[in-house]
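Okay, structure_17.txt now, which holds compact mmCIF, C-alpha atoms:
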# COMPACT_ATOMS: atom_id res chain seq x y z
CA MET A 276 9.14 -0.29 44.94
CA ALA A 277 6.03 -1.87 46.42
CA ALA A 278 6.28 -4.80 48.82
CA TRP A 279 4.52 -7.22 46.46
CA GLN A 280 7.02 -6.35 43.71
CA LYS A 281 9.92 -7.06 46.07
CA TRP A 282 8.47 -10.48 46.90
CA TRP A 283 8.04 -11.39 43.22
CA VAL A 284 11.57 -10.28 42.39
CA THR A 285 12.89 -12.31 45.32
CA LEU A 286 11.02 -15.42 44.19
CA LEU A 287 12.07 -15.01 40.56
CA PHE A 288 15.75 -14.74 41.50
CA LEU A 289 15.61 -17.36 44.26
CA ILE A 290 14.98 -20.20 41.79
CA PRO A 291 18.21 -19.65 39.79
CA ALA A 292 20.16 -19.21 43.02
CA LEU A 293 18.93 -22.54 44.38
CA ILE A 294 19.64 -24.37 41.12
CA ALA A 295 23.09 -22.77 40.80
CA GLY A 296 23.84 -23.79 44.39
CA SER A 297 22.75 -27.33 43.58
CA GLY A 298 25.04 -27.34 40.53
CA ILE A 299 27.98 -26.22 42.66
CA LEU A 300 27.25 -28.93 45.22
CA LEU A 301 27.04 -31.55 42.43
CA TRP A 302 30.43 -30.45 41.09
CA TYR A 303 32.03 -30.38 44.55
CA PHE A 304 30.64 -33.76 45.67
CA GLN A 305 30.73 -35.54 42.30
CA SER A 306 32.20 -38.70 43.77
CA GLU A 307 29.19 -39.23 46.10
CA ALA A 308 26.47 -41.71 45.13
CA ALA A 309 23.60 -39.19 45.18
CA ALA A 310 25.59 -36.75 43.04
CA ARG A 311 26.43 -39.53 40.55
CA LEU A 312 22.73 -40.37 40.30
CA ALA A 313 21.81 -36.71 39.62
CA ILE A 314 24.59 -36.30 37.04
CA ASN A 315 23.49 -39.48 35.25
CA TRP A 316 19.89 -38.22 35.22
CA LEU A 317 21.02 -34.91 33.66
CA ALA A 318 22.52 -36.93 30.79
CA THR A 319 19.09 -38.40 29.92
CA PRO A 320 16.67 -36.66 27.51
CA GLY A 321 14.49 -35.56 30.44
CA GLY A 322 17.48 -34.00 32.19
CA GLN A 323 18.57 -32.26 28.99
CA LEU A 324 15.05 -30.85 28.53
CA THR A 325 15.14 -29.59 32.13
CA LEU A 326 18.45 -27.83 31.47
CA VAL A 327 17.06 -26.22 28.29
CA VAL A 328 13.93 -24.99 30.13
CA PHE A 329 16.11 -23.58 32.91
CA ALA A 330 18.37 -21.84 30.35
CA ILE A 331 15.32 -20.27 28.67
CA TYR A 332 14.08 -19.12 32.09
CA LEU A 333 17.47 -17.47 32.79
CA ILE A 334 17.48 -15.72 29.41
CA ILE A 335 13.95 -14.36 29.91
CA LEU A 336 14.87 -13.25 33.44
CA ALA A 337 18.02 -11.48 32.18
CA VAL A 338 16.22 -9.74 29.31
CA GLY A 339 13.40 -8.66 31.64
CA THR A 340 15.87 -7.30 34.19
CA ILE A 341 17.80 -5.37 31.56
CA ALA A 342 14.60 -3.98 30.01
CA THR A 343 13.35 -2.87 33.42
CA ALA A 344 16.65 -1.16 34.18
CA ILE A 345 16.78 0.63 30.84
CA PHE A 346 13.16 1.66 30.34
CA ARG A 347 12.23 2.51 33.94
CA PRO A 348 11.60 6.24 34.24
CA THR A 349 14.15 8.08 36.34
CA THR A 350 12.36 10.03 39.06
CA VAL A 351 14.04 12.39 41.48
CA LYS A 352 13.20 14.29 44.65
CA GLN A 353 14.98 17.42 43.44
CA LEU A 354 14.85 18.58 39.86
CA THR A 355 17.28 21.04 38.30
CA ILE A 356 15.15 23.63 36.54
CA VAL A 357 17.89 26.12 35.55
CA ARG A 358 21.53 25.31 34.74
CA ASP A 359 24.11 27.81 33.59
CA GLY A 360 27.65 26.54 34.01
CA ALA A 361 28.30 26.04 37.72
CA TYR A 362 25.09 27.88 38.59
CA GLN A 363 21.99 25.74 38.95
CA VAL A 364 18.59 26.02 40.59
CA ASN A 365 17.01 22.90 42.10
CA ILE A 366 13.36 22.61 43.07
CA ASP A 367 12.24 20.19 45.76
CA ARG A 368 9.36 17.78 45.18
CA GLY A 369 7.68 18.89 48.42
CA ALA A 370 7.65 22.51 47.23
CA VAL A 371 6.03 21.51 43.95
CA GLU A 372 3.40 19.46 45.79
CA LYS A 373 2.55 22.36 48.13
CA SER A 374 2.32 24.75 45.20
CA LEU A 375 -0.05 22.42 43.37
CA ARG A 376 -2.12 21.98 46.50
CA LEU A 377 -2.47 25.75 46.78
CA SER A 378 -3.45 25.99 43.11
CA LEU A 379 -6.35 23.59 43.85
CA ALA A 380 -7.92 26.05 46.33
CA PRO A 381 -10.44 27.65 43.92
CA TYR A 382 -12.04 24.29 43.14
CA ASP A 383 -13.80 23.71 46.51
CA LEU A 384 -12.15 20.35 47.12
CA TYR A 385 -11.77 18.94 50.63
CA ASN A 386 -8.59 17.18 51.84
CA ALA A 387 -6.82 17.98 48.59
CA ALA A 388 -3.42 16.36 48.22
CA ALA A 389 -0.97 16.30 45.34
CA ARG A 390 1.76 13.71 44.78
CA VAL A 391 4.40 14.47 42.18
CA LYS A 392 6.96 12.26 40.44
CA MET A 393 9.51 14.37 38.62
CA HIS A 394 11.42 12.83 35.70
CA ARG A 395 14.96 14.09 35.49
CA ARG A 396 15.78 13.45 31.83
CA HIS A 397 12.72 15.03 30.26
CA ARG A 398 11.86 17.62 32.92
CA GLN A 399 8.33 16.30 33.15
CA ALA A 400 6.11 15.41 36.08
CA ASP A 401 3.45 12.83 36.82
CA VAL A 402 0.85 14.31 39.17
CA THR A 403 -1.72 12.44 41.25
CA ILE A 404 -4.48 14.52 42.84
CA THR A 405 -6.63 12.99 45.59
CA ALA A 406 -9.49 14.95 47.10
CA MET A 407 -13.09 14.85 48.24
CA LEU A 408 -15.72 16.63 46.19
CA SER A 409 -17.72 19.29 48.00
CA GLN A 410 -21.40 19.82 47.41
CA ARG A 411 -20.63 23.02 45.46
CA SER A 412 -18.08 21.62 42.99
CA ASP A 413 -19.10 20.67 39.46
CA ALA A 414 -17.66 17.23 38.72
CA ARG A 415 -18.46 17.27 35.00
CA HIS A 416 -15.84 19.82 33.92
CA LEU A 417 -13.51 19.41 36.88
CA ARG A 418 -10.96 17.08 35.27
CA ALA A 419 -10.32 19.25 32.21
CA SER A 420 -10.15 22.33 34.37
CA LEU A 421 -7.73 20.67 36.83
CA HIS A 422 -5.54 19.47 33.96
CA HIS A 423 -5.33 22.97 32.50
CA THR A 424 -4.62 24.61 35.88
CA ILE A 425 -1.94 22.12 36.93
CA ALA A 426 -0.21 22.15 33.54
CA ASN A 427 -0.10 25.97 33.58
CA ASP A 428 1.08 26.07 37.20
CA LEU A 429 3.93 23.64 36.55
CA LYS A 430 5.01 25.37 33.34
CA GLN A 431 4.85 28.95 34.61
CA GLN A 432 6.29 28.50 38.08
CA PHE A 433 8.79 25.68 37.62
CA ASN A 434 9.26 25.25 33.85
CA ILE A 435 8.21 21.58 34.13
CA ASP A 436 5.87 19.90 31.63
CA LEU A 437 2.94 17.79 32.79
CA ARG A 438 3.32 14.22 31.54
CA LYS A 439 0.44 12.43 33.28
CA LEU A 440 -2.37 13.58 35.51
CA ARG A 441 -4.33 11.18 37.67
CA VAL A 442 -7.33 12.55 39.53
CA LYS A 443 -8.85 10.49 42.33
CA LEU A 444 -12.00 12.14 43.63
CA THR A 445 -14.29 10.71 46.29
CA PRO A 446 -17.72 12.02 47.23
CA TYR A 447 -18.12 14.05 50.39
CA ASP A 448 -18.93 11.98 53.47
CA HIS A 449 -20.25 13.64 56.64
CA GLN A 450 -18.32 11.24 58.88
CA GLN A 451 -14.85 12.26 57.67
CA LYS A 452 -12.79 15.16 58.93
CA VAL A 453 -12.23 17.93 56.44
CA ALA A 454 -9.17 20.09 55.88
CA ILE A 455 -9.82 23.02 53.53
CA VAL A 456 -6.91 24.61 51.69
What is this structure when it is put down as structure tokens?
Amino acid sequence: MAAWQKWWVTLLFLIPALIAGSGILLWYFQSEAAARLAINWLATPGGQLTLVVFAIYLIILAVGTIATAIFRPTTVKQLTIVRDGAYQVNIDRGAVEKSLRLSLAPYDLYNAAARVKMHRRHRQADVTITAMLSQRSDARHLRASLHHTIANDLKQQFNIDLRKLRVKLTPYDHQQKVAIV
């Protein structure tokens, strides 16, 4: 999870925690003057509207949390590609990434890197390719060709289907270091 997502989740759940803590303090110190004033205000139409808005916020937060938990794709670092009783063969994400990087060698790409997210339930993979274009590579037909090569490589070697392919290509720059596969 990215850092900005963690901050938003923290802020979204901090508001109900603070209000719930305030409610507990109001219940515990209900004989105090300030607590009596707050309880009397909650009995007014403005206080009732505030409680309804807060209840709607909690319902939306709960539904959003449940939907995120249910519909979030399950990715793994090791994927079981063959299972026969107690016998099973697992493939590591790093091995798949290195294999894909080697399959990119004929395309004359510099600093080629492949990142793979493997989905356990559907035996599919999301692949992100980042590389620099060389002067000799043809950028017009490169995406279709890369898609075909990566899909075949995943299916033939690992029996994994390609779900999504993202290709991030940058033009060659003479000031950058180059690592050729």
- When you draw a straight line from CA of Gln305 (chain A) to CA of Ile290 (chain A), how long is it in Å?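 These atoms are spaced 22.0 Å apart.
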- Query: Separation of CA of His422 (chain A) and CA of Lys392 (chain A), in Å?
  - Reply: 15.8 Å
- Query: If you measure from CA of Asp367 (chain A) to CA of Phe433 (chain A), what distance in Å do you get, rounded to one decimal?
  - Reply: 10.4 Å
- Item | Closest of A:Asp428, A:Trp282, A:Ala414, A:Glu307 to Leu377 (chain A) - atom-to-atom distances counting all atoms listed in the file |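 Closest residue, counting all atoms listed in the file: A:Asp428.
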- Can you pull out every residue within 10 Å of Leu287 (chain A), counting only C-alpha atoms, but drop anything in the same chain fewer than 5 positions away, and send it as number ranges by chain? A: 281-282, 292, 332-333, 336
- Message: Calculated over only C-alpha atoms, which of the candidates A:Ala337, A:Arg418, A:Val402, A:Arg311 has the smallest distance to Asp436 (chain A)?
- Response: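 Among A:Ala337, A:Arg418, A:Val402, A:Arg311, it is A:Val402 that comes nearest to Asp436 (chain A).
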- A:Ala330, A:Leu312, A:Val284, A:Leu379: which is nearest Thr343 (chain A), counting only C-alpha atoms?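 The shortest atom-to-atom distance to Thr343 (chain A) comes from A:Val284.
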- Task: With a distance cut-off of 7 Å and all atoms listed in the file, select the neighbouring residues of Tyr447 (chain A), excluding the residue or stretch itself and same-chain residues fewer than 6 positions from it, and output the selection as an MDAnalysis selection string.
- Result: chainID A and resid 407:409
- Task: For Leu421 (chain A), work out the shell of residues within 10 Å, counting only C-alpha atoms and skipping chain neighbours fewer than 5 positions away, then give it as a PyMOL selection string.
- Result: chain A and resi 378-379+382+404+416+426-427+440+442
- Mind checking which residues fall within 8 Å of Leu437 (chain A), counting all atoms listed in the file, ignoring those fewer than 5 positions away in the same chain, and posting them as a ChimeraX atom specification? /A:399-402,425-426,429-430
How big is the axis-aligned box around the listed atoms of region 363-378 of chain A once 5 Å is added on each side, and where is its centre? Give both in Å to one decimal, as JSON.
{"center_x": 9.3, "center_y": 21.9, "center_z": 43.7, "size_x": 35.4, "size_y": 18.2, "size_z": 19.5}
- Message: Around (12.8, 11.4, 40.0), as given in the file, which residues come within 10 Å? Count all atoms listed in the file and list them as a ChimeraX atom specification.
- Response: /A:348-354,368,391-396,398-401
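Between Ile334 (chain A) and the residues A:Ala387, A:Ser420, A:Arg441, A:Pro291, the shortest atom-to-atom distance, using all atoms listed in the file, involves A:Pro291.
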